[in-house]
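Visitor: Provided herewith: run_26.cif, mmCIF, C-alpha atoms and all ligand atoms.
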```cif
data_work
#
loop_
_atom_site.group_PDB
_atom_site.id
_atom_site.type_symbol
_atom_site.label_atom_id
_atom_site.label_comp_id
_atom_site.auth_asym_id
_atom_site.auth_seq_id
_atom_site.Cartn_x
_atom_site.Cartn_y
_atom_site.Cartn_z
ATOM 1 C CA THR Q 62 0.000 0.000 0.000
ATOM 2 C CA HIS Q 63 0.941 3.619 -0.190
ATOM 3 C CA PHE Q 64 1.344 3.747 3.599
ATOM 4 C CA GLY Q 65 3.374 0.540 3.724
ATOM 5 C CA PHE Q 66 5.684 1.982 1.122
ATOM 6 C CA GLN Q 67 5.991 5.228 3.023
ATOM 7 C CA ASN Q 68 6.903 3.364 6.218
ATOM 8 C CA VAL Q 69 9.724 1.511 4.475
ATOM 9 C CA ALA Q 70 11.033 4.827 3.165
ATOM 10 C CA GLU Q 71 10.787 6.414 6.623
ATOM 11 C CA SER Q 72 12.584 3.561 8.414
ATOM 12 C CA MET Q 73 15.261 3.580 5.721
ATOM 13 C CA LYS Q 74 15.706 7.232 6.507
ATOM 14 C CA GLU Q 75 16.274 6.598 10.223
ATOM 15 C CA SER Q 76 18.910 3.935 9.620
ATOM 16 C CA LYS Q 77 20.519 6.157 6.991
ATOM 17 C CA VAL Q 78 20.731 9.020 9.509
ATOM 18 C CA ARG Q 79 22.305 6.672 12.046
ATOM 19 C CA ASP Q 80 24.880 5.485 9.492
ATOM 20 C CA VAL Q 81 25.735 9.022 8.517
ATOM 21 C CA PHE Q 82 26.422 10.088 12.087
ATOM 22 C CA ASN Q 83 28.188 6.829 12.980
ATOM 23 C CA SER Q 84 30.571 7.393 10.142
ATOM 24 C CA VAL Q 85 31.177 11.060 10.959
ATOM 25 C CA ALA Q 86 31.283 10.928 14.799
ATOM 26 C CA LYS Q 87 35.092 11.031 14.927
ATOM 27 C CA ASN Q 88 35.688 13.758 12.342
ATOM 28 C CA TYR Q 89 32.489 15.605 13.112
ATOM 29 C CA ASP Q 90 34.183 18.960 13.804
ATOM 30 C CA THR Q 91 36.001 18.758 10.495
ATOM 31 C CA MET Q 92 32.672 18.120 8.773
ATOM 32 C CA ASN Q 93 31.065 21.169 10.368
ATOM 33 C CA ASP Q 94 34.044 23.328 9.452
ATOM 34 C CA VAL Q 95 33.870 22.131 5.849
ATOM 35 C CA MET Q 96 30.128 22.700 5.605
ATOM 36 C CA SER Q 97 30.218 26.246 6.989
ATOM 37 C CA PHE Q 98 33.805 27.537 6.472
ATOM 38 C CA GLY Q 99 34.161 27.418 10.255
ATOM 39 C CA ILE Q 100 31.253 29.845 10.714
ATOM 40 C CA HIS Q 101 29.245 27.261 12.709
ATOM 41 C CA ARG Q 102 31.471 28.102 15.694
ATOM 42 C CA ILE Q 103 30.428 31.774 15.516
ATOM 43 C CA TRP Q 104 26.738 30.827 15.103
ATOM 44 C CA LYS Q 105 26.916 28.455 18.095
ATOM 45 C CA ASP Q 106 28.623 31.126 20.227
ATOM 46 C CA GLN Q 107 25.900 33.641 19.302
ATOM 47 C CA PHE Q 108 23.124 31.081 19.930
ATOM 48 C CA VAL Q 109 24.355 30.383 23.471
ATOM 49 C CA ARG Q 110 25.208 34.026 24.287
ATOM 50 C CA GLN Q 111 21.671 35.131 23.373
ATOM 51 C CA LEU Q 112 20.060 32.380 25.466
ATOM 52 C CA ASN Q 113 22.241 33.506 28.377
ATOM 53 C CA PRO Q 114 21.999 30.237 30.373
ATOM 54 C CA GLY Q 115 22.583 30.195 34.122
ATOM 55 C CA LYS Q 116 20.966 31.213 37.349
ATOM 56 C CA LYS Q 117 20.272 34.961 37.357
ATOM 57 C CA SER Q 118 19.755 35.433 41.106
ATOM 58 C CA ILE Q 119 20.884 33.703 44.290
ATOM 59 C CA PHE Q 120 17.262 32.769 45.060
ATOM 60 C CA SER Q 121 16.369 30.938 41.859
ATOM 61 C CA GLU Q 122 16.774 27.227 41.220
ATOM 62 C CA PRO Q 123 19.600 26.024 38.974
ATOM 63 C CA MET Q 124 18.523 25.635 35.351
ATOM 64 C CA THR Q 125 17.937 22.257 33.741
ATOM 65 C CA ILE Q 126 18.845 22.422 30.066
ATOM 66 C CA LEU Q 127 18.172 19.679 27.544
ATOM 67 C CA ASP Q 128 20.299 19.844 24.426
ATOM 68 C CA LEU Q 129 18.467 17.678 21.923
ATOM 69 C CA ALA Q 130 20.419 15.966 19.119
ATOM 70 C CA GLY Q 131 23.337 17.226 21.199
ATOM 71 C CA GLY Q 132 25.877 14.940 19.491
ATOM 72 C CA THR Q 133 29.403 15.489 20.762
ATOM 73 C CA GLY Q 134 28.353 18.266 23.160
ATOM 74 C CA ASP Q 135 29.290 21.427 21.239
ATOM 75 C CA ILE Q 136 26.296 23.387 22.565
ATOM 76 C CA ALA Q 137 26.319 21.809 26.033
ATOM 77 C CA PHE Q 138 29.938 22.786 26.758
ATOM 78 C CA ARG Q 139 29.241 26.338 25.624
ATOM 79 C CA MET Q 140 26.157 26.450 27.931
ATOM 80 C CA LEU Q 141 28.137 25.295 30.977
ATOM 81 C CA ASN Q 142 30.972 27.664 30.204
ATOM 82 C CA HIS Q 143 28.569 30.617 29.791
ATOM 83 C CA ALA Q 144 26.636 29.800 33.000
ATOM 84 C CA ARG Q 145 29.882 29.631 34.960
ATOM 85 C CA THR Q 146 31.913 32.467 33.516
ATOM 86 C CA VAL Q 147 29.168 35.009 32.687
ATOM 87 C CA ASN Q 148 26.515 34.241 35.342
ATOM 88 C CA GLY Q 149 28.821 32.800 38.037
ATOM 89 C CA ASP Q 150 26.597 29.718 38.255
ATOM 90 C CA PRO Q 151 28.283 26.320 38.610
ATOM 91 C CA GLU Q 152 24.957 24.520 39.238
ATOM 92 C CA THR Q 153 23.232 24.702 35.855
ATOM 93 C CA ARG Q 154 22.950 21.194 34.401
ATOM 94 C CA VAL Q 155 22.797 20.067 30.806
ATOM 95 C CA LYS Q 156 21.384 16.768 29.577
ATOM 96 C CA VAL Q 157 22.788 15.918 26.177
ATOM 97 C CA VAL Q 158 20.290 13.702 24.363
ATOM 98 C CA ASP Q 159 20.968 11.993 21.048
ATOM 99 C CA ILE Q 160 19.809 8.898 19.168
ATOM 100 C CA ASN Q 161 23.379 7.997 18.277
ATOM 101 C CA GLU Q 162 25.522 6.414 20.974
ATOM 102 C CA GLU Q 163 28.801 6.983 19.104
ATOM 103 C CA MET Q 164 28.272 10.757 19.046
ATOM 104 C CA LEU Q 165 27.468 10.729 22.792
ATOM 105 C CA LYS Q 166 30.534 8.590 23.587
ATOM 106 C CA GLU Q 167 32.707 11.172 21.851
ATOM 107 C CA GLY Q 168 30.930 13.893 23.866
ATOM 108 C CA MET Q 169 31.518 11.998 27.102
ATOM 109 C CA ARG Q 170 35.228 11.682 26.292
ATOM 110 C CA ARG Q 171 35.335 15.456 25.785
ATOM 111 C CA ALA Q 172 33.467 16.077 29.059
ATOM 112 C CA HIS Q 173 35.940 13.956 31.032
ATOM 113 C CA ALA Q 174 38.882 15.649 29.300
ATOM 114 C CA LEU Q 175 37.427 19.012 30.453
ATOM 115 C CA GLY Q 176 37.117 17.674 34.021
ATOM 116 C CA TYR Q 177 33.288 17.391 34.165
ATOM 117 C CA ARG Q 178 31.532 14.616 36.099
ATOM 118 C CA THR Q 179 28.944 12.848 33.946
ATOM 119 C CA GLU Q 180 27.368 10.400 36.430
ATOM 120 C CA GLY Q 181 24.872 11.064 39.229
ATOM 121 C CA ASP Q 182 21.736 13.221 39.484
ATOM 122 C CA ASP Q 183 23.730 16.380 40.192
ATOM 123 C CA ALA Q 184 26.335 15.882 37.416
ATOM 124 C CA PRO Q 185 26.797 19.151 35.476
ATOM 125 C CA ILE Q 186 26.558 17.259 32.195
ATOM 126 C CA SER Q 187 24.972 13.898 31.437
ATOM 127 C CA PHE Q 188 24.500 11.926 28.223
ATOM 128 C CA LEU Q 189 21.377 10.004 27.338
ATOM 129 C CA VAL Q 190 20.534 7.898 24.282
ATOM 130 C CA GLN Q 191 16.939 8.700 23.310
ATOM 131 C CA ASN Q 192 14.894 9.289 20.217
ATOM 132 C CA GLY Q 193 14.153 13.031 20.307
ATOM 133 C CA GLU Q 194 10.738 12.434 18.779
ATOM 134 C CA THR Q 195 9.519 10.714 21.961
ATOM 135 C CA LEU Q 196 12.006 11.436 24.813
ATOM 136 C CA GLU Q 197 10.469 8.579 26.876
ATOM 137 C CA ALA Q 198 12.856 9.065 29.817
ATOM 138 C CA ILE Q 199 12.156 12.811 30.193
ATOM 139 C CA PRO Q 200 9.159 13.736 32.402
ATOM 140 C CA ASP Q 201 6.558 16.339 31.373
ATOM 141 C CA ASN Q 202 7.221 19.982 32.424
ATOM 142 C CA SER Q 203 10.736 19.256 33.669
ATOM 143 C CA ILE Q 204 13.046 21.341 31.439
ATOM 144 C CA ASP Q 205 13.800 25.094 31.613
ATOM 145 C CA LEU Q 206 15.566 25.450 28.292
ATOM 146 C CA LEU Q 207 15.491 23.037 25.355
ATOM 147 C CA THR Q 208 17.975 23.614 22.558
ATOM 148 C CA ILE Q 209 18.547 21.824 19.292
ATOM 149 C CA ALA Q 210 21.367 22.771 16.931
ATOM 150 C CA PHE Q 211 21.660 21.322 13.429
ATOM 151 C CA GLY Q 212 19.542 18.376 14.526
ATOM 152 C CA ILE Q 213 15.861 18.727 13.670
ATOM 153 C CA ARG Q 214 16.569 18.626 9.927
ATOM 154 C CA ASN Q 215 17.492 14.953 10.351
ATOM 155 C CA PHE Q 216 14.377 13.950 12.283
ATOM 156 C CA THR Q 217 11.877 11.744 10.471
ATOM 157 C CA ASN Q 218 8.850 13.341 12.141
ATOM 158 C CA LYS Q 219 9.627 16.977 12.942
ATOM 159 C CA GLU Q 220 6.069 17.769 14.166
ATOM 160 C CA LYS Q 221 6.307 14.952 16.701
ATOM 161 C CA ALA Q 222 9.711 16.212 17.893
ATOM 162 C CA LEU Q 223 8.289 19.729 18.369
ATOM 163 C CA SER Q 224 5.247 18.546 20.339
ATOM 164 C CA THR Q 225 7.532 16.358 22.487
ATOM 165 C CA ALA Q 226 9.746 19.407 23.119
ATOM 166 C CA HIS Q 227 6.611 21.263 24.203
ATOM 167 C CA ARG Q 228 5.625 18.381 26.532
ATOM 168 C CA VAL Q 229 8.947 18.280 28.417
ATOM 169 C CA LEU Q 230 9.373 22.071 28.741
ATOM 170 C CA LYS Q 231 8.117 23.828 31.870
ATOM 171 C CA LYS Q 232 5.455 26.497 31.451
ATOM 172 C CA GLY Q 233 7.401 29.574 30.327
ATOM 173 C CA GLY Q 234 10.417 27.442 29.421
ATOM 174 C CA VAL Q 235 12.302 28.338 26.248
ATOM 175 C CA PHE Q 236 12.672 26.305 23.049
ATOM 176 C CA SER Q 237 15.417 27.413 20.694
ATOM 177 C CA CYS Q 238 16.579 25.843 17.460
ATOM 178 C CA LEU Q 239 19.673 26.663 15.391
ATOM 179 C CA GLU Q 240 19.491 25.157 11.909
ATOM 180 C CA PHE Q 241 20.627 25.636 8.325
ATOM 181 C CA SER Q 242 17.943 27.632 6.565
ATOM 182 C CA LYS Q 243 17.066 29.462 3.345
ATOM 183 C CA VAL Q 244 19.264 32.215 1.892
ATOM 184 C CA ASP Q 245 17.196 35.338 1.459
ATOM 185 C CA ASN Q 246 18.888 36.710 -1.699
ATOM 186 C CA PHE Q 247 18.633 35.262 -5.222
ATOM 187 C CA VAL Q 248 22.274 35.734 -6.280
ATOM 188 C CA LEU Q 249 23.732 34.553 -2.981
ATOM 189 C CA ASP Q 250 21.367 31.590 -3.023
ATOM 190 C CA GLN Q 251 22.612 30.513 -6.476
ATOM 191 C CA ILE Q 252 26.233 30.705 -5.328
ATOM 192 C CA TYR Q 253 25.427 28.885 -2.093
ATOM 193 C CA ARG Q 254 23.586 26.073 -3.925
ATOM 194 C CA ARG Q 255 26.424 25.600 -6.367
ATOM 195 C CA TYR Q 256 28.921 25.462 -3.515
ATOM 196 C CA SER Q 257 26.751 23.034 -1.540
ATOM 197 C CA PHE Q 258 26.107 20.552 -4.315
ATOM 198 C CA SER Q 259 29.543 20.443 -5.898
ATOM 199 C CA VAL Q 260 32.124 21.510 -3.365
ATOM 200 C CA ILE Q 261 30.819 19.956 -0.137
ATOM 201 C CA PRO Q 262 30.510 16.313 -1.337
ATOM 202 C CA MET Q 263 33.925 16.639 -3.011
ATOM 203 C CA MET Q 264 35.511 17.989 0.175
ATOM 204 C CA GLY Q 265 33.767 15.214 2.139
ATOM 205 C CA GLN Q 266 35.460 12.705 -0.143
ATOM 206 C CA LEU Q 267 38.866 14.366 0.134
ATOM 207 C CA ILE Q 268 38.853 15.107 3.853
ATOM 208 C CA ALA Q 269 36.830 12.246 5.329
ATOM 209 C CA GLY Q 270 36.798 9.735 2.448
ATOM 210 C CA ASP Q 271 32.995 9.829 2.621
ATOM 211 C CA ARG Q 272 31.150 11.477 -0.253
ATOM 212 C CA ASP Q 273 27.699 9.965 0.427
ATOM 213 C CA SER Q 274 27.277 11.256 3.989
ATOM 214 C CA TYR Q 275 28.094 14.801 2.869
ATOM 215 C CA GLN Q 276 25.766 14.513 -0.120
ATOM 216 C CA TYR Q 277 22.964 13.413 2.257
ATOM 217 C CA LEU Q 278 23.614 16.416 4.522
ATOM 218 C CA VAL Q 279 23.445 18.869 1.604
ATOM 219 C CA GLU Q 280 20.156 17.347 0.410
ATOM 220 C CA SER Q 281 18.673 17.486 3.909
ATOM 221 C CA ILE Q 282 19.405 21.239 4.046
ATOM 222 C CA VAL Q 283 17.626 21.873 0.727
ATOM 223 C CA LYS Q 284 14.558 19.868 1.826
ATOM 224 C CA PHE Q 285 14.195 21.671 5.170
ATOM 225 C CA PRO Q 286 11.246 24.139 5.371
ATOM 226 C CA SER Q 287 11.719 27.896 5.008
ATOM 227 C CA GLN Q 288 12.121 30.093 8.092
ATOM 228 C CA LYS Q 289 8.441 31.139 7.903
ATOM 229 C CA ASP Q 290 7.091 27.602 7.457
ATOM 230 C CA PHE Q 291 9.241 26.274 10.284
ATOM 231 C CA ALA Q 292 8.068 29.109 12.561
ATOM 232 C CA GLY Q 293 4.489 28.003 11.731
ATOM 233 C CA MET Q 294 5.323 24.417 12.718
ATOM 234 C CA ILE Q 295 6.714 25.644 16.055
ATOM 235 C CA ARG Q 296 3.529 27.668 16.672
ATOM 236 C CA ASP Q 297 1.369 24.669 15.754
ATOM 237 C CA ALA Q 298 3.213 22.577 18.375
ATOM 238 C CA GLY Q 299 1.886 25.002 21.022
ATOM 239 C CA PHE Q 300 4.739 27.483 21.464
ATOM 240 C CA GLN Q 301 4.370 31.266 21.731
ATOM 241 C CA LEU Q 302 6.673 32.973 19.237
ATOM 242 C CA ALA Q 303 8.449 36.205 20.069
ATOM 243 C CA GLY Q 304 7.776 38.537 17.097
ATOM 244 C CA LYS Q 305 8.015 36.636 13.802
ATOM 245 C CA GLY Q 306 9.808 33.836 15.647
ATOM 246 C CA TRP Q 307 13.217 33.675 14.015
ATOM 247 C CA GLN Q 308 16.426 35.510 13.349
ATOM 248 C CA ASP Q 309 18.606 34.949 10.251
ATOM 249 C CA LEU Q 310 22.331 34.346 10.539
ATOM 250 C CA THR Q 311 24.688 35.019 7.598
ATOM 251 C CA PHE Q 312 21.903 35.973 5.091
ATOM 252 C CA GLY Q 313 19.754 33.013 6.169
ATOM 253 C CA VAL Q 314 22.389 30.303 5.623
ATOM 254 C CA ALA Q 315 21.349 29.472 9.201
ATOM 255 C CA ALA Q 316 18.524 30.727 11.435
ATOM 256 C CA ILE Q 317 17.605 30.696 15.113
ATOM 257 C CA HIS Q 318 13.933 29.983 15.870
ATOM 258 C CA THR Q 319 12.734 30.618 19.423
ATOM 259 C CA GLY Q 320 9.455 29.958 21.224
ATOM 260 C CA ALA Q 321 8.175 29.832 24.791
ATOM 261 C CA GLY Q 322 6.255 26.932 26.327
ATOM 262 C CA ASP Q 323 2.820 27.807 27.746
HETATM 263 N N1 LIG Q 401 23.931 19.524 18.052
HETATM 264 C C1 LIG Q 401 25.235 19.028 17.667
HETATM 265 C C2 LIG Q 401 26.066 20.147 17.081
HETATM 266 O O1 LIG Q 401 25.512 21.177 16.719
HETATM 267 O O2 LIG Q 401 27.284 19.999 17.003
HETATM 268 C C3 LIG Q 401 25.127 17.823 16.727
HETATM 269 C C4 LIG Q 401 24.422 18.058 15.416
HETATM 270 S S1 LIG Q 401 24.518 16.712 14.279
HETATM 271 C C5 LIG Q 401 24.576 17.550 12.730
HETATM 272 C C6 LIG Q 401 22.906 16.025 14.274
HETATM 273 C C7 LIG Q 401 22.639 15.066 15.408
HETATM 274 O O3 LIG Q 401 21.246 14.732 15.395
HETATM 275 C C8 LIG Q 401 23.398 13.743 15.309
HETATM 276 O O4 LIG Q 401 24.186 13.575 16.463
HETATM 277 C C9 LIG Q 401 22.280 12.701 15.198
HETATM 278 O O5 LIG Q 401 22.588 11.470 15.803
HETATM 279 C C10 LIG Q 401 21.121 13.420 15.900
HETATM 280 N N2 LIG Q 401 19.783 12.891 15.603
HETATM 281 C C11 LIG Q 401 19.251 12.594 14.404
HETATM 282 N N3 LIG Q 401 18.003 12.120 14.545
HETATM 283 C C12 LIG Q 401 17.720 12.117 15.887
HETATM 284 C C13 LIG Q 401 16.600 11.739 16.671
HETATM 285 N N4 LIG Q 401 15.482 11.263 16.118
HETATM 286 N N5 LIG Q 401 16.674 11.885 18.019
HETATM 287 C C14 LIG Q 401 17.789 12.380 18.605
HETATM 288 N N6 LIG Q 401 18.892 12.745 17.911
HETATM 289 C C15 LIG Q 401 18.865 12.616 16.570
#
```
Just give me the structure of the file as structure tokens.
Ligand code: SAM
Guide:
Amino acid sequence: THFGFQNVAESMKESKVRDVFNSVAKNYDTMNDVMSFGIHRIWKDQFVRQLNPGKKSIFSEPMTILDLAGGTGDIAFRMLNHARTVNGDPETRVKVVDINEEMLKEGMRRAHALGYRTEGDDAPISFLVQNGETLEAIPDNSIDLLTIAFGIRNFTNKEKALSTAHRVLKKGGVFSCLEFSKVDNFVLDQIYRRYSFSVIPMMGQLIAGDRDSYQYLVESIVKFPSQKDFAGMIRDAGFQLAGKGWQDLTFGVAAIHTGAGD
């Protein structure tokens, strides 16, 4: 049937995503640098700086952050560093959740190298294998800030992931998503597309010996909804958007979408 066929395609997609990230876990930073000319580091810094994680007064509870599709911990380490150095708060905790154990193992190695404890309820950073579409192990209304960077594009059911994010966030909690997006200028878009489709898979082959994974990543960026459509999906999941709901980075090569749980 049509639905049977669709299910096969969907499950193929999930295993394909797993393969891609298994094969890139080790040289993941290189991949990001190739894809964005190193700009992903600046975008991630801006993302975290704007969210300003950490306890803002001596009376408030420490924040619980969930970094979904958190991979090797790039966002989580920035969150902890910001909470400590900018807000003087060593108690904020980050749960790094990802479907891929290899990415999390790499993240855990990094955490230990930085001197962070990863076990126990009060560990500053912990790693959990979960499908972000369901987050079975995360209770309702338990998270203050839920972030997802360069992750949702790979999810099979993005609507389900957004409504799950809404379920686990506390009332008034913040959802924020950093993702590749649509370039808002015809000429720049043509140049960007040409670069994406020819240069990135070739560099993937040369640098990581893996053309297919890079080709998949380029295609997943093209298929992802526009800023406006994605903002609509976030609203439909139950979030309140601030203003139009997103902010472009580097002419829309990436965008940050933000909503509040209610
Ligand atoms: N957030 C990290 C960063 O910015 O460096 C990692 C981003 S990486 C491009 C995408 C991640 O999404 C991978 O680690 C992959 O395993 C994860 N992912 C894909 N589908 C997922 C799902 N359904 N649930 C949880 N994680 C998923």
Visitor: Have a look at Q:Gly99, Q:Gly212, Q:Pro286, Q:Gly168 and name the one nearest to ligand LIG 401 (chain Q); count only C-alpha atoms and all ligand atoms.
Guide: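 Ranked by minimum distance to ligand LIG 401 (chain Q), first place goes to Q:Gly212.
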Visitor: Tell me which residues the PyMOL selection byres (((chain Q and resi 190) around 10) and not hetatm) grabs here, as a ChimeraX atom specification.
Guide: /Q:130,157-165,188-189,191-193,196,198
Visitor: Here is a test: counting all atoms listed in the file, which residue of Q:Ile136, Q:Val260, Q:Ala292, Q:Ile186 is nearest to His318 (chain Q)?
Guide: Q:Ala292
Visitor: Choose the residue, out of Q:Gly293, Q:Pro123, Q:Gly176, Q:Gly265, that has the smallest atom-to-atom separation from Pro151 (chain Q); count only C-alpha atoms.
Guide: Q:Pro123
Visitor: Hey, can you check how far CA of Ala298 (chain Q) sits from atom O1 of ligand LIG 401 (chain Q)?
Guide: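 Atom O1 of ligand LIG 401 (chain Q) lies at a distance of 22.4 Å from CA of Ala298 (chain Q).
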Visitor: Evaluated on this file, the PyMOL selection byres (((chain Q and resi 309) around 10) and not hetatm) picks out some residues - which ones are they, written as a PyMOL selection string?
Guide: chain Q and resi 239-245+288+307-308+310-318
Visitor: Let me see the file: selected residues, C-alpha atoms, as a short mmCIF file (atom, residue, chain, number, x, y, z; two decimals), in the coordinates of the input.
Guide:
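What follows is the written file again_32.cif:
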```cif
data_model
loop_
_atom_site.label_atom_id
_atom_site.label_comp_id
_atom_site.auth_asym_id
_atom_site.auth_seq_id
_atom_site.Cartn_x
_atom_site.Cartn_y
_atom_site.Cartn_z
CA LEU Q 239 19.67 26.66 15.39
CA GLU Q 240 19.49 25.16 11.91
CA PHE Q 241 20.63 25.64 8.32
CA SER Q 242 17.94 27.63 6.56
CA LYS Q 243 17.07 29.46 3.34
CA VAL Q 244 19.26 32.22 1.89
CA ASP Q 245 17.20 35.34 1.46
CA GLN Q 288 12.12 30.09 8.09
CA TRP Q 307 13.22 33.67 14.02
CA GLN Q 308 16.43 35.51 13.35
CA LEU Q 310 22.33 34.35 10.54
CA THR Q 311 24.69 35.02 7.60
CA PHE Q 312 21.90 35.97 5.09
CA GLY Q 313 19.75 33.01 6.17
CA VAL Q 314 22.39 30.30 5.62
CA ALA Q 315 21.35 29.47 9.20
CA ALA Q 316 18.52 30.73 11.44
CA ILE Q 317 17.60 30.70 15.11
CA HIS Q 318 13.93 29.98 15.87
#
```
Visitor: So, counting all atoms listed in the file, which residue among Q:Leu230, Q:Val109, Q:Leu175, Q:Ala303 is closest to ligand LIG 401 (chain Q)?
Guide: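 Of the candidates, the smallest distance to ligand LIG 401 (chain Q) is held by Q:Val109.
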Visitor: Kindly indicate which residue among Q:Ala172, Q:Leu112, Q:Val235, Q:Leu129 lies nearest to Asn148 (chain Q), using only C-alpha atoms for the distances.
Guide: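 Between Q:Ala172, Q:Leu112, Q:Val235, Q:Leu129, the residue approaching Asn148 (chain Q) most closely is Q:Leu112.
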Visitor: I'd like the residues picked by the PyMOL selection byres (((chain Q and resi 254-259) around 10) and not hetatm) written out as a ChimeraX atom specification, using the chain letters and numbers from the file.
Guide: /Q:96-97,244,249-253,260-264,275-276,278-280,282-283
Visitor: How would the residues just picked look written out with C-alpha atoms as a compact mmCIF listing (two decimals), in the coordinates of the input?
Guide:
```
# COMPACT_ATOMS: atom_id res chain seq x y z
CA MET Q 96 30.13 22.70 5.60
CA SER Q 97 30.22 26.25 6.99
CA VAL Q 244 19.26 32.22 1.89
CA LEU Q 249 23.73 34.55 -2.98
CA ASP Q 250 21.37 31.59 -3.02
CA GLN Q 251 22.61 30.51 -6.48
CA ILE Q 252 26.23 30.70 -5.33
CA TYR Q 253 25.43 28.88 -2.09
CA VAL Q 260 32.12 21.51 -3.36
CA ILE Q 261 30.82 19.96 -0.14
CA PRO Q 262 30.51 16.31 -1.34
CA MET Q 263 33.92 16.64 -3.01
CA MET Q 264 35.51 17.99 0.18
CA TYR Q 275 28.09 14.80 2.87
CA GLN Q 276 25.77 14.51 -0.12
CA LEU Q 278 23.61 16.42 4.52
CA VAL Q 279 23.44 18.87 1.60
CA GLU Q 280 20.16 17.35 0.41
CA ILE Q 282 19.40 21.24 4.05
CA VAL Q 283 17.63 21.87 0.73
```
Visitor: Pick out the closest residue to Val229 (chain Q) from this set: Q:Ile213, Q:Leu141, Q:Val248, Q:Ile199. Count all atoms listed in the file.
Guide: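 When distances to Val229 (chain Q) are compared using all atoms listed in the file, the smallest one comes from Q:Ile199.
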Visitor: Do a neighbour search on His143 (chain Q) at 8 Å with all atoms listed in the file, toss out local chain neighbours closer than 6 positions, and write the hits as a PDB file with C-alpha atoms, in the coordinates of the input.
Guide:
```pdb
ATOM      1  CA  VAL Q 109      24.355  30.383  23.471  1.00  0.00           C
ATOM      2  CA  ARG Q 110      25.208  34.026  24.287  1.00  0.00           C
ATOM      3  CA  ASN Q 113      22.241  33.506  28.377  1.00  0.00           C
ATOM      4  CA  PRO Q 114      21.999  30.237  30.373  1.00  0.00           C
ATOM      5  CA  GLY Q 115      22.583  30.195  34.122  1.00  0.00           C
TER       6      GLY Q 115
END
```
Visitor: Given 8 Å of margin on each side, can you work out the centre and size in Å (one decimal) of an axis-aligned box holding every listed atom of ligand LIG 401 (chain Q), as lines of an AutoDock Vina configuration file?
Guide:
```
center_x = 21.4
center_y = 16.2
center_z = 15.7
size_x = 27.8
size_y = 25.9
size_z = 21.9
```
Visitor: At what distance in Å, to one decimal, does CA of Asp150 (chain Q) lie from CA of Asn202 (chain Q)?
Guide: 22.5 Å
Visitor: Could you please determine the separation between CA of Ser121 (chain Q) and CA of Lys156 (chain Q) in Å, to one decimal place?
Guide: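 Taking CA of Ser121 (chain Q) as the start and CA of Lys156 (chain Q) as the end point, the length is 19.4 Å.
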